[in-house]
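Visitor: Handing over structure13.txt, compact mmCIF, C-alpha atoms.
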```
# COMPACT_ATOMS: atom_id res chain seq x y z
CA MET A 1 0.00 0.00 0.00
CA ASP A 2 1.48 3.35 -1.09
CA ARG A 3 1.76 5.86 1.73
CA GLU A 4 -0.33 9.02 1.35
CA MET A 5 1.57 12.29 1.04
CA TRP A 6 0.77 15.98 1.10
CA SER A 7 0.31 17.58 -2.32
CA GLY A 8 3.28 19.83 -1.48
CA GLY A 9 4.79 22.17 1.08
CA ILE A 10 1.83 24.58 0.98
CA GLY A 11 -0.63 21.77 1.68
CA PHE A 12 1.47 20.62 4.62
CA ILE A 13 1.69 24.16 6.03
CA PHE A 14 -2.07 24.69 5.80
CA ALA A 15 -2.76 21.34 7.48
CA SER A 16 -0.19 22.00 10.22
CA ILE A 17 -1.56 25.48 10.88
CA GLY A 18 -5.01 23.90 11.05
CA SER A 19 -3.71 21.45 13.63
CA ALA A 20 -2.04 24.17 15.71
CA VAL A 21 -4.81 26.76 15.45
CA GLY A 22 -7.61 25.47 17.61
CA ILE A 23 -9.91 26.60 20.36
CA GLY A 24 -6.75 27.12 22.42
CA ASN A 25 -5.80 30.11 20.28
CA ILE A 26 -9.10 31.87 19.92
CA TRP A 27 -10.85 31.10 23.19
CA ARG A 28 -8.27 29.85 25.69
CA PHE A 29 -5.44 32.26 24.85
CA PRO A 30 -7.36 35.49 25.59
CA TYR A 31 -8.68 34.29 28.93
CA ILE A 32 -5.26 32.93 29.94
CA VAL A 33 -3.86 36.38 29.12
CA GLY A 34 -6.67 37.99 31.12
CA ALA A 35 -6.08 35.73 34.09
CA ASN A 36 -2.32 36.41 34.08
CA GLY A 37 -2.09 40.17 34.05
CA GLY A 38 -2.76 41.11 30.44
CA GLY A 39 0.17 42.14 28.25
CA ALA A 40 2.82 40.90 30.69
CA PHE A 41 1.86 37.36 29.72
CA LEU A 42 2.89 37.88 26.09
CA ILE A 43 6.60 38.09 26.97
CA PRO A 44 6.99 34.65 28.60
CA TYR A 45 4.54 33.22 26.06
CA LEU A 46 6.66 34.26 23.07
CA ILE A 47 9.81 33.03 24.78
CA SER A 48 8.15 29.68 25.49
CA VAL A 49 6.92 29.29 21.93
CA PHE A 50 10.24 29.98 20.20
CA LEU A 51 12.63 28.51 22.77
CA PHE A 52 10.70 25.34 23.59
CA GLY A 53 7.69 24.89 21.31
CA LEU A 54 9.47 25.36 17.98
CA PRO A 55 12.42 23.03 18.76
CA LEU A 56 10.07 20.23 19.84
CA MET A 57 7.97 20.81 16.73
CA MET A 58 11.06 20.45 14.54
CA LEU A 59 12.04 17.26 16.38
CA GLU A 60 8.66 15.67 15.68
CA LEU A 61 8.69 16.71 12.03
CA ALA A 62 12.24 15.45 11.52
CA VAL A 63 11.52 12.03 13.05
CA GLY A 64 8.29 11.63 11.11
CA ARG A 65 9.76 12.63 7.76
CA HIS A 66 12.87 10.50 8.11
CA LEU A 67 11.09 7.34 9.30
CA GLN A 68 8.03 7.86 7.04
CA THR A 69 5.67 6.32 9.56
CA SER A 70 3.36 7.24 12.43
CA VAL A 71 3.93 7.39 16.18
CA GLY A 72 3.82 3.74 17.26
CA PRO A 73 5.96 2.33 14.44
CA ALA A 74 8.29 5.36 14.60
CA PHE A 75 9.04 4.73 18.26
CA ARG A 76 9.60 1.04 17.51
CA ALA A 77 12.06 2.04 14.77
CA ILE A 78 13.95 4.20 17.28
CA GLY A 79 14.13 1.18 19.61
CA LYS A 80 11.85 -1.82 20.07
CA ARG A 81 11.58 -1.08 23.79
CA PHE A 82 9.99 2.31 22.98
CA TYR A 83 6.99 0.95 21.07
CA LYS A 84 4.82 0.92 24.21
CA ALA A 85 5.84 4.51 24.93
CA GLY A 86 4.56 5.43 21.47
CA ILE A 87 1.28 3.66 22.16
CA VAL A 88 0.96 5.65 25.41
CA ILE A 89 1.15 8.86 23.34
CA VAL A 90 -1.50 7.53 20.96
CA ALA A 91 -3.73 6.67 23.94
CA ILE A 92 -3.27 10.11 25.51
CA VAL A 93 -4.13 11.92 22.26
CA SER A 94 -7.20 9.72 21.84
CA LEU A 95 -8.37 10.52 25.37
CA ILE A 96 -7.79 14.24 24.83
CA LEU A 97 -9.84 14.07 21.64
CA SER A 98 -12.64 12.23 23.44
CA TYR A 99 -13.43 15.30 25.55
CA TYR A 100 -12.22 17.91 23.01
CA LEU A 101 -15.08 16.75 20.80
CA VAL A 102 -17.44 17.86 23.57
CA VAL A 103 -16.25 21.47 23.34
CA THR A 104 -16.31 21.18 19.54
CA SER A 105 -19.97 20.15 19.77
CA TRP A 106 -20.81 23.08 22.04
CA VAL A 107 -19.43 25.68 19.65
CA LEU A 108 -21.19 24.01 16.70
CA ALA A 109 -24.46 24.12 18.64
CA TYR A 110 -24.05 27.79 19.54
CA ALA A 111 -23.18 28.70 15.94
CA LEU A 112 -26.38 27.08 14.71
CA PHE A 113 -28.50 28.53 17.52
CA PHE A 114 -27.33 32.04 16.64
CA ALA A 115 -27.76 31.34 12.91
CA PHE A 116 -31.43 30.56 13.55
CA GLN A 117 -31.66 33.57 15.90
CA ARG A 118 -32.40 31.35 18.88
CA PRO A 119 -29.53 32.01 21.32
CA VAL A 120 -29.67 29.73 24.32
CA ASP A 121 -28.56 30.08 27.93
CA PHE A 122 -25.63 27.77 28.77
CA THR A 123 -27.35 26.39 31.86
CA ALA A 124 -30.47 25.59 29.87
CA PHE A 125 -28.37 24.11 27.06
CA THR A 126 -26.37 21.80 29.33
CA GLY A 127 -29.50 20.89 31.25
CA SER A 128 -30.99 19.38 28.09
CA TYR A 129 -29.86 16.59 25.81
CA TYR A 130 -28.90 18.89 22.94
CA PRO A 131 -25.18 18.56 23.85
CA LEU A 132 -25.38 14.81 23.17
CA LEU A 133 -27.00 15.39 19.78
CA PHE A 134 -24.32 17.87 18.76
CA PHE A 135 -21.59 15.60 20.16
CA VAL A 136 -22.71 12.98 17.64
CA LEU A 137 -22.96 15.52 14.81
CA SER A 138 -19.56 17.16 15.36
CA GLY A 139 -17.94 13.75 15.79
CA LEU A 140 -19.30 12.57 12.45
CA ILE A 141 -17.91 15.68 10.73
CA VAL A 142 -14.45 14.98 12.16
CA TYR A 143 -14.78 11.30 11.23
CA ALA A 144 -15.70 12.14 7.63
CA THR A 145 -12.73 14.50 7.34
CA VAL A 146 -10.15 11.92 8.43
CA ARG A 147 -11.82 9.08 6.53
CA SER A 148 -11.37 11.09 3.31
CA GLY A 149 -7.59 10.86 3.62
CA VAL A 150 -4.54 13.09 3.84
CA ARG A 151 -5.03 15.19 0.69
CA LYS A 152 -8.79 14.92 0.18
CA GLY A 153 -9.60 15.27 3.87
CA LEU A 154 -7.02 16.87 6.16
CA GLU A 155 -5.35 19.06 3.55
CA ARG A 156 -8.48 20.07 1.63
CA ILE A 157 -10.45 21.06 4.72
CA SER A 158 -7.50 23.08 6.07
CA ARG A 159 -7.09 24.96 2.77
CA ILE A 160 -10.73 26.03 3.08
CA VAL A 161 -11.01 26.51 6.82
CA ILE A 162 -7.88 28.53 7.61
CA PRO A 163 -8.52 31.41 5.14
CA LEU A 164 -12.21 31.48 6.14
CA LEU A 165 -11.29 31.54 9.82
CA VAL A 166 -8.89 34.45 9.29
CA VAL A 167 -11.50 36.45 7.36
CA ILE A 168 -14.10 35.96 10.12
CA LEU A 169 -11.54 36.82 12.78
CA LEU A 170 -10.48 40.04 11.03
CA PHE A 171 -14.13 41.09 10.68
CA LEU A 172 -14.77 40.51 14.38
CA VAL A 173 -11.55 42.34 15.31
CA ALA A 174 -12.68 45.35 13.27
CA PHE A 175 -16.09 45.30 14.96
CA SER A 176 -14.53 45.06 18.43
CA LEU A 177 -12.07 47.90 17.85
CA LEU A 178 -14.90 50.21 16.79
CA GLN A 179 -16.76 49.78 20.09
CA PRO A 180 -16.73 52.58 22.72
CA GLY A 181 -14.10 51.78 25.33
CA ALA A 182 -12.17 49.52 23.00
CA ALA A 183 -8.96 51.52 23.58
CA GLU A 184 -9.01 50.59 27.26
CA GLY A 185 -9.17 46.92 26.31
CA VAL A 186 -6.27 47.28 23.88
CA ALA A 187 -4.21 49.07 26.53
CA TYR A 188 -4.86 46.29 29.03
CA TYR A 189 -3.97 43.71 26.41
CA LEU A 190 -0.70 45.25 25.22
CA ALA A 191 0.69 47.20 28.18
CA PRO A 192 2.80 44.74 30.17
CA ASP A 193 3.11 44.95 33.93
CA ILE A 194 6.80 44.03 34.09
CA SER A 195 6.60 43.34 37.82
CA ARG A 196 4.39 40.32 37.05
CA LEU A 197 7.28 38.63 35.23
CA SER A 198 8.76 37.63 38.57
CA ASP A 199 5.69 35.50 39.23
CA PRO A 200 6.51 31.84 38.38
CA MET A 201 2.81 31.16 37.83
CA ILE A 202 2.86 33.33 34.70
CA TRP A 203 5.81 31.41 33.25
CA ALA A 204 4.15 28.07 34.01
CA ALA A 205 0.94 29.29 32.35
CA ALA A 206 2.87 30.57 29.33
CA PHE A 207 4.71 27.28 28.86
CA GLY A 208 1.50 25.30 29.18
CA GLN A 209 -0.30 27.53 26.68
CA ALA A 210 2.59 27.31 24.21
CA PHE A 211 2.42 23.51 24.15
CA PHE A 212 -1.38 23.48 24.21
CA SER A 213 -1.76 25.84 21.25
CA LEU A 214 1.03 24.45 19.02
CA SER A 215 -0.08 20.80 19.37
CA VAL A 216 3.52 19.77 20.04
CA GLY A 217 4.45 16.71 22.04
CA MET A 218 1.30 14.86 20.94
CA GLY A 219 2.64 12.95 17.95
CA ILE A 220 0.47 15.00 15.57
CA LEU A 221 3.39 16.74 13.91
CA LEU A 222 5.39 13.51 13.81
CA THR A 223 2.48 11.96 11.91
CA TYR A 224 2.12 14.99 9.63
CA GLY A 225 5.88 14.98 9.04
CA SER A 226 5.64 11.38 7.81
CA TYR A 227 3.50 12.62 4.88
CA LEU A 228 6.04 15.31 3.97
CA GLY A 229 8.54 15.19 1.12
CA GLU A 230 11.35 17.64 0.49
CA ALA A 231 11.00 20.83 2.55
CA ASN A 232 13.00 23.07 4.86
CA LEU A 233 11.76 22.02 8.31
CA PHE A 234 12.98 25.13 10.09
CA LYS A 235 11.37 27.57 7.65
CA ASN A 236 8.11 25.62 7.63
CA GLY A 237 8.16 25.38 11.41
CA VAL A 238 8.64 29.14 11.75
CA VAL A 239 5.76 29.81 9.33
CA ILE A 240 3.46 27.52 11.34
CA VAL A 241 4.49 29.06 14.68
CA VAL A 242 4.16 32.65 13.45
CA ALA A 243 0.71 31.93 11.97
CA ASP A 244 -0.35 30.32 15.23
CA ILE A 245 0.87 33.31 17.28
CA LEU A 246 -0.70 35.91 14.97
CA ILE A 247 -4.11 34.25 15.13
CA ALA A 248 -3.89 34.01 18.93
CA ILE A 249 -2.86 37.68 19.22
CA LEU A 250 -5.63 38.74 16.82
CA ALA A 251 -8.09 36.85 18.99
CA GLY A 252 -7.00 39.05 21.87
CA PHE A 253 -7.76 42.16 19.80
CA MET A 254 -11.23 40.73 19.28
CA ILE A 255 -11.93 39.69 22.88
CA PHE A 256 -10.47 42.47 25.05
CA PRO A 257 -12.11 45.47 23.35
CA LEU A 258 -15.46 43.67 23.68
CA VAL A 259 -14.74 42.82 27.30
CA PHE A 260 -14.01 46.44 28.24
CA ALA A 261 -16.68 47.92 25.97
CA PHE A 262 -19.39 45.94 27.75
CA GLY A 263 -17.90 46.01 31.25
CA LEU A 264 -17.03 42.30 31.42
CA ASP A 265 -14.39 40.48 33.46
CA PRO A 266 -11.21 39.90 31.36
CA ALA A 267 -10.36 36.87 33.52
CA ALA A 268 -13.79 35.25 33.22
CA GLY A 269 -12.30 32.07 31.74
CA VAL A 270 -14.62 29.42 30.34
CA ASN A 271 -17.69 31.52 31.12
CA LEU A 272 -16.43 34.22 28.73
CA ALA A 273 -17.15 32.12 25.64
CA PHE A 274 -20.28 30.25 26.66
CA VAL A 275 -22.01 32.55 29.14
CA THR A 276 -20.80 36.16 29.03
CA LEU A 277 -20.24 36.87 25.32
CA PRO A 278 -23.43 35.09 24.17
CA SER A 279 -25.46 37.31 26.51
CA VAL A 280 -23.74 40.37 24.99
CA PHE A 281 -24.43 39.19 21.42
CA ALA A 282 -28.05 38.45 22.29
CA GLY A 283 -28.56 41.97 23.59
CA ILE A 284 -27.21 44.09 20.72
CA GLN A 285 -28.44 44.87 17.23
CA PHE A 286 -27.44 42.20 14.71
CA GLY A 287 -25.88 40.34 17.61
CA TRP A 288 -27.10 37.06 16.15
CA VAL A 289 -24.79 37.61 13.16
CA LEU A 290 -21.83 38.31 15.43
CA GLY A 291 -22.64 35.32 17.60
CA MET A 292 -22.98 33.06 14.57
CA LEU A 293 -19.63 34.24 13.16
CA PHE A 294 -17.86 33.98 16.51
CA PHE A 295 -18.95 30.40 17.17
CA ALA A 296 -18.56 29.37 13.54
CA MET A 297 -14.97 30.56 13.80
CA LEU A 298 -14.46 28.53 16.98
CA PHE A 299 -15.93 25.47 15.30
CA LEU A 300 -13.67 25.80 12.26
CA ALA A 301 -10.65 26.05 14.54
CA ALA A 302 -11.81 23.07 16.59
CA LEU A 303 -12.55 20.96 13.51
CA THR A 304 -9.02 21.03 12.08
CA SER A 305 -7.46 20.39 15.49
CA ALA A 306 -9.81 17.51 16.26
CA ALA A 307 -9.15 15.95 12.84
CA SER A 308 -5.39 16.15 13.42
CA MET A 309 -5.77 14.37 16.76
CA LEU A 310 -7.89 11.61 15.22
CA GLU A 311 -5.26 11.14 12.51
CA VAL A 312 -2.66 10.06 15.13
CA PRO A 313 -4.32 6.77 16.22
CA VAL A 314 -5.75 6.16 12.72
CA ALA A 315 -2.31 6.45 11.10
CA THR A 316 -0.79 4.20 13.76
CA MET A 317 -3.47 1.58 13.10
CA ILE A 318 -2.85 1.78 9.34
CA ASP A 319 0.95 1.60 9.65
CA SER A 320 1.04 -1.04 12.39
CA TYR A 321 -1.60 -3.48 11.15
CA GLY A 322 -2.12 -2.65 7.49
CA TYR A 323 -5.76 -1.63 7.94
CA SER A 324 -7.43 0.38 5.20
CA ARG A 325 -8.05 4.02 6.08
CA HIS A 326 -11.82 3.49 6.03
CA LYS A 327 -11.65 0.54 8.44
CA ALA A 328 -9.08 2.16 10.74
CA THR A 329 -11.00 5.44 10.95
CA LEU A 330 -14.30 3.69 11.72
CA LEU A 331 -12.74 1.52 14.43
CA ILE A 332 -10.76 4.29 16.11
CA PHE A 333 -13.57 6.82 15.93
CA GLY A 334 -15.98 4.29 17.46
CA ILE A 335 -13.64 3.79 20.42
CA ILE A 336 -13.04 7.52 20.93
CA PHE A 337 -16.76 8.25 20.65
CA LEU A 338 -17.51 5.73 23.42
CA LEU A 339 -14.69 7.17 25.55
CA GLY A 340 -16.12 10.65 25.09
CA LEU A 341 -19.71 9.79 25.96
CA PRO A 342 -19.23 10.18 29.75
CA SER A 343 -17.72 13.65 29.22
CA ALA A 344 -20.53 14.59 26.84
CA LEU A 345 -23.20 13.34 29.25
CA SER A 346 -21.68 15.19 32.21
CA TYR A 347 -23.00 18.45 30.75
CA THR A 348 -26.48 17.24 29.86
CA GLY A 349 -29.63 16.60 31.85
CA LEU A 350 -27.97 13.42 33.13
CA HIS A 351 -25.16 15.40 34.87
CA LEU A 352 -22.63 12.55 35.11
CA GLU A 353 -20.23 13.34 37.96
CA LEU A 354 -17.58 11.67 40.07
CA PHE A 355 -17.13 12.94 43.62
CA GLY A 356 -19.18 15.99 42.72
CA THR A 357 -17.05 16.92 39.69
CA PRO A 358 -18.34 16.61 36.10
CA LEU A 359 -16.52 13.87 34.21
CA PHE A 360 -15.69 16.38 31.48
CA ASP A 361 -13.75 18.51 33.99
CA LEU A 362 -11.85 15.46 35.23
CA SER A 363 -10.96 14.51 31.65
CA ASP A 364 -9.78 18.05 30.96
CA TYR A 365 -7.43 17.97 33.95
CA TYR A 366 -6.10 14.40 33.77
CA PHE A 367 -5.87 14.06 29.99
CA GLY A 368 -5.72 17.61 28.64
CA THR A 369 -3.35 18.94 31.28
CA LEU A 370 -1.36 16.12 32.90
CA GLY A 371 -1.63 13.79 29.90
CA LEU A 372 -0.40 16.45 27.49
CA ILE A 373 2.67 17.14 29.64
CA ILE A 374 3.45 13.42 29.99
CA SER A 375 3.14 12.98 26.23
CA GLY A 376 5.54 15.88 25.65
CA LEU A 377 8.01 14.35 28.09
CA ILE A 378 7.93 11.02 26.28
CA VAL A 379 8.50 12.63 22.88
CA SER A 380 11.33 14.87 24.09
CA ILE A 381 13.15 12.06 25.92
CA VAL A 382 12.75 9.22 23.41
CA ALA A 383 13.20 11.29 20.24
CA GLY A 384 15.70 13.69 21.81
CA TRP A 385 18.01 11.10 23.35
CA PHE A 386 17.70 7.93 21.29
CA VAL A 387 17.43 8.92 17.62
CA ASP A 388 20.54 8.81 15.45
CA THR A 389 21.87 12.36 15.62
CA GLU A 390 23.54 11.96 12.22
CA TRP A 391 20.28 11.69 10.30
CA LEU A 392 18.54 14.06 12.71
CA PHE A 393 21.04 16.81 11.86
CA GLU A 394 20.66 16.03 8.15
CA GLU A 395 16.91 16.56 8.47
CA LEU A 396 17.26 19.77 10.50
CA GLY A 397 20.20 21.38 8.71
CA GLY A 398 22.03 24.35 10.23
CA SER A 399 25.58 24.83 11.46
CA PRO A 400 27.28 22.41 13.90
CA ARG A 401 27.07 25.04 16.65
CA MET A 402 23.33 25.47 16.09
CA GLN A 403 22.85 21.71 16.07
CA GLN A 404 24.64 21.29 19.41
CA ALA A 405 22.59 24.11 20.95
CA TYR A 406 19.49 22.40 19.63
CA LEU A 407 20.46 19.13 21.30
CA VAL A 408 20.88 20.91 24.63
CA LEU A 409 17.37 22.35 24.29
CA VAL A 410 15.58 19.12 23.40
CA ARG A 411 17.60 16.83 25.69
CA PHE A 412 17.86 18.94 28.81
CA CYS A 413 15.89 22.20 28.81
CA ILE A 414 12.55 21.02 27.41
CA PRO A 415 12.31 17.83 29.54
CA ALA A 416 13.33 19.81 32.63
CA VAL A 417 10.69 22.49 32.10
CA LEU A 418 8.06 19.86 31.29
CA PHE A 419 8.94 17.91 34.43
CA VAL A 420 8.72 21.00 36.63
CA THR A 421 5.39 21.91 35.02
CA LEU A 422 4.08 18.38 35.63
CA ILE A 423 5.09 18.46 39.30
CA SER A 424 3.55 21.89 39.77
CA GLN A 425 0.30 20.68 38.23
CA VAL A 426 0.17 17.53 40.32
CA PHE A 427 0.66 19.49 43.51
CA GLY A 428 -1.58 22.33 42.39
CA ILE A 429 1.15 24.98 42.43
CA ALA A 430 0.52 26.43 38.97
CA ALA A 431 -2.82 27.25 37.43
CA VAL A 432 -2.38 26.73 33.70
```
As structure tokens, how would this structure be written, given the file I've shared?

Guide:
Amino acid sequence: MDREMWSGGIGFIFASIGSAVGIGNIWRFPYIVGANGGGAFLIPYLISVFLFGLPLMMLELAVGRHLQTSVGPAFRAIGKRFYKAGIVIVAIVSLILSYYLVVTSWVLAYALFFAFQRPVDFTAFTGSYYPLLFFVLSGLIVYATVRSGVRKGLERISRIVIPLLVVILLFLVAFSLLQPGAAEGVAYYLAPDISRLSDPMIWAAAFGQAFFSLSVGMGILLTYGSYLGEANLFKNGVVIVVADILIAILAGFMIFPLVFAFGLDPAAGVNLAFVTLPSVFAGIQFGWVLGMLFFAMLFLAALTSAASMLEVPVATMIDSYGYSRHKATLLIFGIIFLLGLPSALSYTGLHLELFGTPLFDLSDYYFGTLGLIISGLIVSIVAGWFVDTEWLFEELGGSPRMQQAYLVLVRFCIPAVLFVTLISQVFGIAAV
């Protein structure tokens, strides 16, 4: 069976940007900024992205392209004893996707509710069984995308979605900046309080957001790299990172002027997207259009990210057992759908909880926070320490001095920061 490949470098870049640009950029990034002192957060965030996120991204791409296979088989090629570690990464990504689809379904539901001019209260929405219906619908859309293949599915949808997302975002940014009081929001967003940089919590939050938004350490980029032919990994990596950052920063220019224009709390967190902003849209002229565009944008971002996560276990199944794409996608999606049902049902009329906490919230913490860090640790240690540095340097290029500095980053600095972040999360020190 011939391995699928991207149509070219542009197709790969679009798909990788689609993977990186998710709800984490447009929804999570602004409220993380708001919760960590506004503009001061941008400094450690940019440092984290370029010093840690980009090098790990390049490592994944290099391993995937050289070995021309997905996570499980790639780790086995590095060393037979690492195959199980690769399967752990696949399992973590699958579990993250199982609850990420829940959020994807919420934004799809809100987009349609606003489109039909029937905005709904979040409490009323999650007290019904609509979330379950939209969980099925959004899941089927993601399934159909991955089932269609690398070029006809992942690449094609990204080529459509990313430009459309940017157009919607720019329109909403323009609307926000024209609101009375918008300047105060921009000032809060951009003016850094340098004294906050001494707070380790901000650095922990910045590092967590960098990994969350770039989709690094999850095996996604390793898998995408395995479909890549000749290309300059560093240049492509920089393009992907810069696009990811620009969209996240633009999202801030959309959110903060609205927040200050309507007297909202810039650190409102999850409530900002599903409670506060919908009430604002519902109360202004043509607010249904704005609400529809806002949630359609979130859904487009979530769709490409969710599809990239589903591709990781599907590709591993295809490469490990020779399954057809159709069979592998159906099997893997069925498993992930069943895994996600408890999270989906925890915010319905059934209110599934464990020890008084919704199962969705537990999944978010254990899989989306701790699991993501553990996955990054595995990638950085196995790929950073045990790949053949000769072919790794050939893939990466650069001068010998740059290559040695790179090794120090991926072998020592990134695992150390990830380990400290993991410990801080386990003991509740940092709120990422």

Visitor: Please list, as a PyMOL selection string, the residues that have an atom at most 8 Å away from (0.9, 34.3, 25.9) in the coordinates of this file, counting only C-alpha atoms.

Guide: chain A and resi 29+32-33+41-46+206+209-210

Visitor: Give me the residues within 9 Å of range 59-73 of chain A as a PyMOL selection string, counting all atoms listed in the file and dropping any in the same chain fewer than 2 places off.

Guide: chain A and resi 3+54-57+75-78+82-90+216-217+219-230+233+237+312-313+315-320+379-380+383-384+387+391-393+395-396+410

Visitor: Within 12 Å of range 125-142 of chain A, which residues of range 282-394 of chain A show up? Give each one with its shortest atom-to-atom distance in Å (one decimal) and the two atoms involved, counting all atoms listed in the file, rows by chain then rising residue number, as JSON lines.

Guide:
```
{"residue": "A:Phe299", "atom": "CA", "partner": "A:Ser138", "partner_atom": "CA", "distance": 9.1}
{"residue": "A:Leu300", "atom": "CA", "partner": "A:Val142", "partner_atom": "CA", "distance": 10.8}
{"residue": "A:Ala301", "atom": "CA", "partner": "A:Val142", "partner_atom": "CA", "distance": 11.9}
{"residue": "A:Ala302", "atom": "CA", "partner": "A:Val142", "partner_atom": "CA", "distance": 9.6}
{"residue": "A:Leu303", "atom": "CA", "partner": "A:Val142", "partner_atom": "CA", "distance": 6.4}
{"residue": "A:Thr304", "atom": "CA", "partner": "A:Val142", "partner_atom": "CA", "distance": 8.1}
{"residue": "A:Ser305", "atom": "CA", "partner": "A:Val142", "partner_atom": "CA", "distance": 9.4}
{"residue": "A:Ala306", "atom": "CA", "partner": "A:Val142", "partner_atom": "CA", "distance": 6.7}
{"residue": "A:Ala307", "atom": "CA", "partner": "A:Val142", "partner_atom": "CA", "distance": 5.4}
{"residue": "A:Ser308", "atom": "CA", "partner": "A:Val142", "partner_atom": "CA", "distance": 9.2}
{"residue": "A:Met309", "atom": "CA", "partner": "A:Val142", "partner_atom": "CA", "distance": 9.8}
{"residue": "A:Leu310", "atom": "CA", "partner": "A:Val142", "partner_atom": "CA", "distance": 8.0}
{"residue": "A:Glu311", "atom": "CA", "partner": "A:Val142", "partner_atom": "CA", "distance": 10.0}
{"residue": "A:Thr329", "atom": "CA", "partner": "A:Val142", "partner_atom": "CA", "distance": 10.2}
{"residue": "A:Leu330", "atom": "CA", "partner": "A:Leu140", "partner_atom": "CA", "distance": 10.2}
{"residue": "A:Ile332", "atom": "CA", "partner": "A:Gly139", "partner_atom": "CA", "distance": 11.9}
{"residue": "A:Phe333", "atom": "CA", "partner": "A:Gly139", "partner_atom": "CA", "distance": 8.2}
{"residue": "A:Gly334", "atom": "CA", "partner": "A:Gly139", "partner_atom": "CA", "distance": 9.8}
{"residue": "A:Ile335", "atom": "CA", "partner": "A:Gly139", "partner_atom": "CA", "distance": 11.8}
{"residue": "A:Ile336", "atom": "CA", "partner": "A:Gly139", "partner_atom": "CA", "distance": 9.4}
{"residue": "A:Phe337", "atom": "CA", "partner": "A:Gly139", "partner_atom": "CA", "distance": 7.4}
{"residue": "A:Leu338", "atom": "CA", "partner": "A:Val136", "partner_atom": "CA", "distance": 10.6}
{"residue": "A:Gly340", "atom": "CA", "partner": "A:Phe135", "partner_atom": "CA", "distance": 8.9}
{"residue": "A:Leu341", "atom": "CA", "partner": "A:Leu132", "partner_atom": "CA", "distance": 8.1}
{"residue": "A:Pro342", "atom": "CA", "partner": "A:Leu132", "partner_atom": "CA", "distance": 10.1}
{"residue": "A:Ser343", "atom": "CA", "partner": "A:Leu132", "partner_atom": "CA", "distance": 9.8}
{"residue": "A:Ala344", "atom": "CA", "partner": "A:Leu132", "partner_atom": "CA", "distance": 6.1}
{"residue": "A:Leu345", "atom": "CA", "partner": "A:Leu132", "partner_atom": "CA", "distance": 6.6}
{"residue": "A:Ser346", "atom": "CA", "partner": "A:Thr126", "partner_atom": "CA", "distance": 8.6}
{"residue": "A:Tyr347", "atom": "CA", "partner": "A:Thr126", "partner_atom": "CA", "distance": 5.0}
{"residue": "A:Thr348", "atom": "CA", "partner": "A:Thr126", "partner_atom": "CA", "distance": 4.6}
{"residue": "A:Gly349", "atom": "CA", "partner": "A:Gly127", "partner_atom": "CA", "distance": 4.3}
{"residue": "A:Leu350", "atom": "CA", "partner": "A:Gly127", "partner_atom": "CA", "distance": 7.9}
{"residue": "A:His351", "atom": "CA", "partner": "A:Gly127", "partner_atom": "CA", "distance": 7.9}
{"residue": "A:Leu352", "atom": "CA", "partner": "A:Gly127", "partner_atom": "CA", "distance": 11.5}
{"residue": "A:Pro358", "atom": "CA", "partner": "A:Thr126", "partner_atom": "CA", "distance": 11.7}
```

Visitor: Take the residues from that selection and put them in a file with C-alpha atoms, as an mmCIF file, in the frame of the given file.

Guide:
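Saved to part-v3.cif:
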```cif
data_model
loop_
_atom_site.group_PDB
_atom_site.id
_atom_site.type_symbol
_atom_site.label_atom_id
_atom_site.label_comp_id
_atom_site.auth_asym_id
_atom_site.auth_seq_id
_atom_site.Cartn_x
_atom_site.Cartn_y
_atom_site.Cartn_z
ATOM 1 C CA PHE A 299 -15.930 25.470 15.300
ATOM 2 C CA LEU A 300 -13.670 25.800 12.260
ATOM 3 C CA ALA A 301 -10.650 26.050 14.540
ATOM 4 C CA ALA A 302 -11.810 23.070 16.590
ATOM 5 C CA LEU A 303 -12.550 20.960 13.510
ATOM 6 C CA THR A 304 -9.020 21.030 12.080
ATOM 7 C CA SER A 305 -7.460 20.390 15.490
ATOM 8 C CA ALA A 306 -9.810 17.510 16.260
ATOM 9 C CA ALA A 307 -9.150 15.950 12.840
ATOM 10 C CA SER A 308 -5.390 16.150 13.420
ATOM 11 C CA MET A 309 -5.770 14.370 16.760
ATOM 12 C CA LEU A 310 -7.890 11.610 15.220
ATOM 13 C CA GLU A 311 -5.260 11.140 12.510
ATOM 14 C CA THR A 329 -11.000 5.440 10.950
ATOM 15 C CA LEU A 330 -14.300 3.690 11.720
ATOM 16 C CA ILE A 332 -10.760 4.290 16.110
ATOM 17 C CA PHE A 333 -13.570 6.820 15.930
ATOM 18 C CA GLY A 334 -15.980 4.290 17.460
ATOM 19 C CA ILE A 335 -13.640 3.790 20.420
ATOM 20 C CA ILE A 336 -13.040 7.520 20.930
ATOM 21 C CA PHE A 337 -16.760 8.250 20.650
ATOM 22 C CA LEU A 338 -17.510 5.730 23.420
ATOM 23 C CA GLY A 340 -16.120 10.650 25.090
ATOM 24 C CA LEU A 341 -19.710 9.790 25.960
ATOM 25 C CA PRO A 342 -19.230 10.180 29.750
ATOM 26 C CA SER A 343 -17.720 13.650 29.220
ATOM 27 C CA ALA A 344 -20.530 14.590 26.840
ATOM 28 C CA LEU A 345 -23.200 13.340 29.250
ATOM 29 C CA SER A 346 -21.680 15.190 32.210
ATOM 30 C CA TYR A 347 -23.000 18.450 30.750
ATOM 31 C CA THR A 348 -26.480 17.240 29.860
ATOM 32 C CA GLY A 349 -29.630 16.600 31.850
ATOM 33 C CA LEU A 350 -27.970 13.420 33.130
ATOM 34 C CA HIS A 351 -25.160 15.400 34.870
ATOM 35 C CA LEU A 352 -22.630 12.550 35.110
ATOM 36 C CA PRO A 358 -18.340 16.610 36.100
#
```
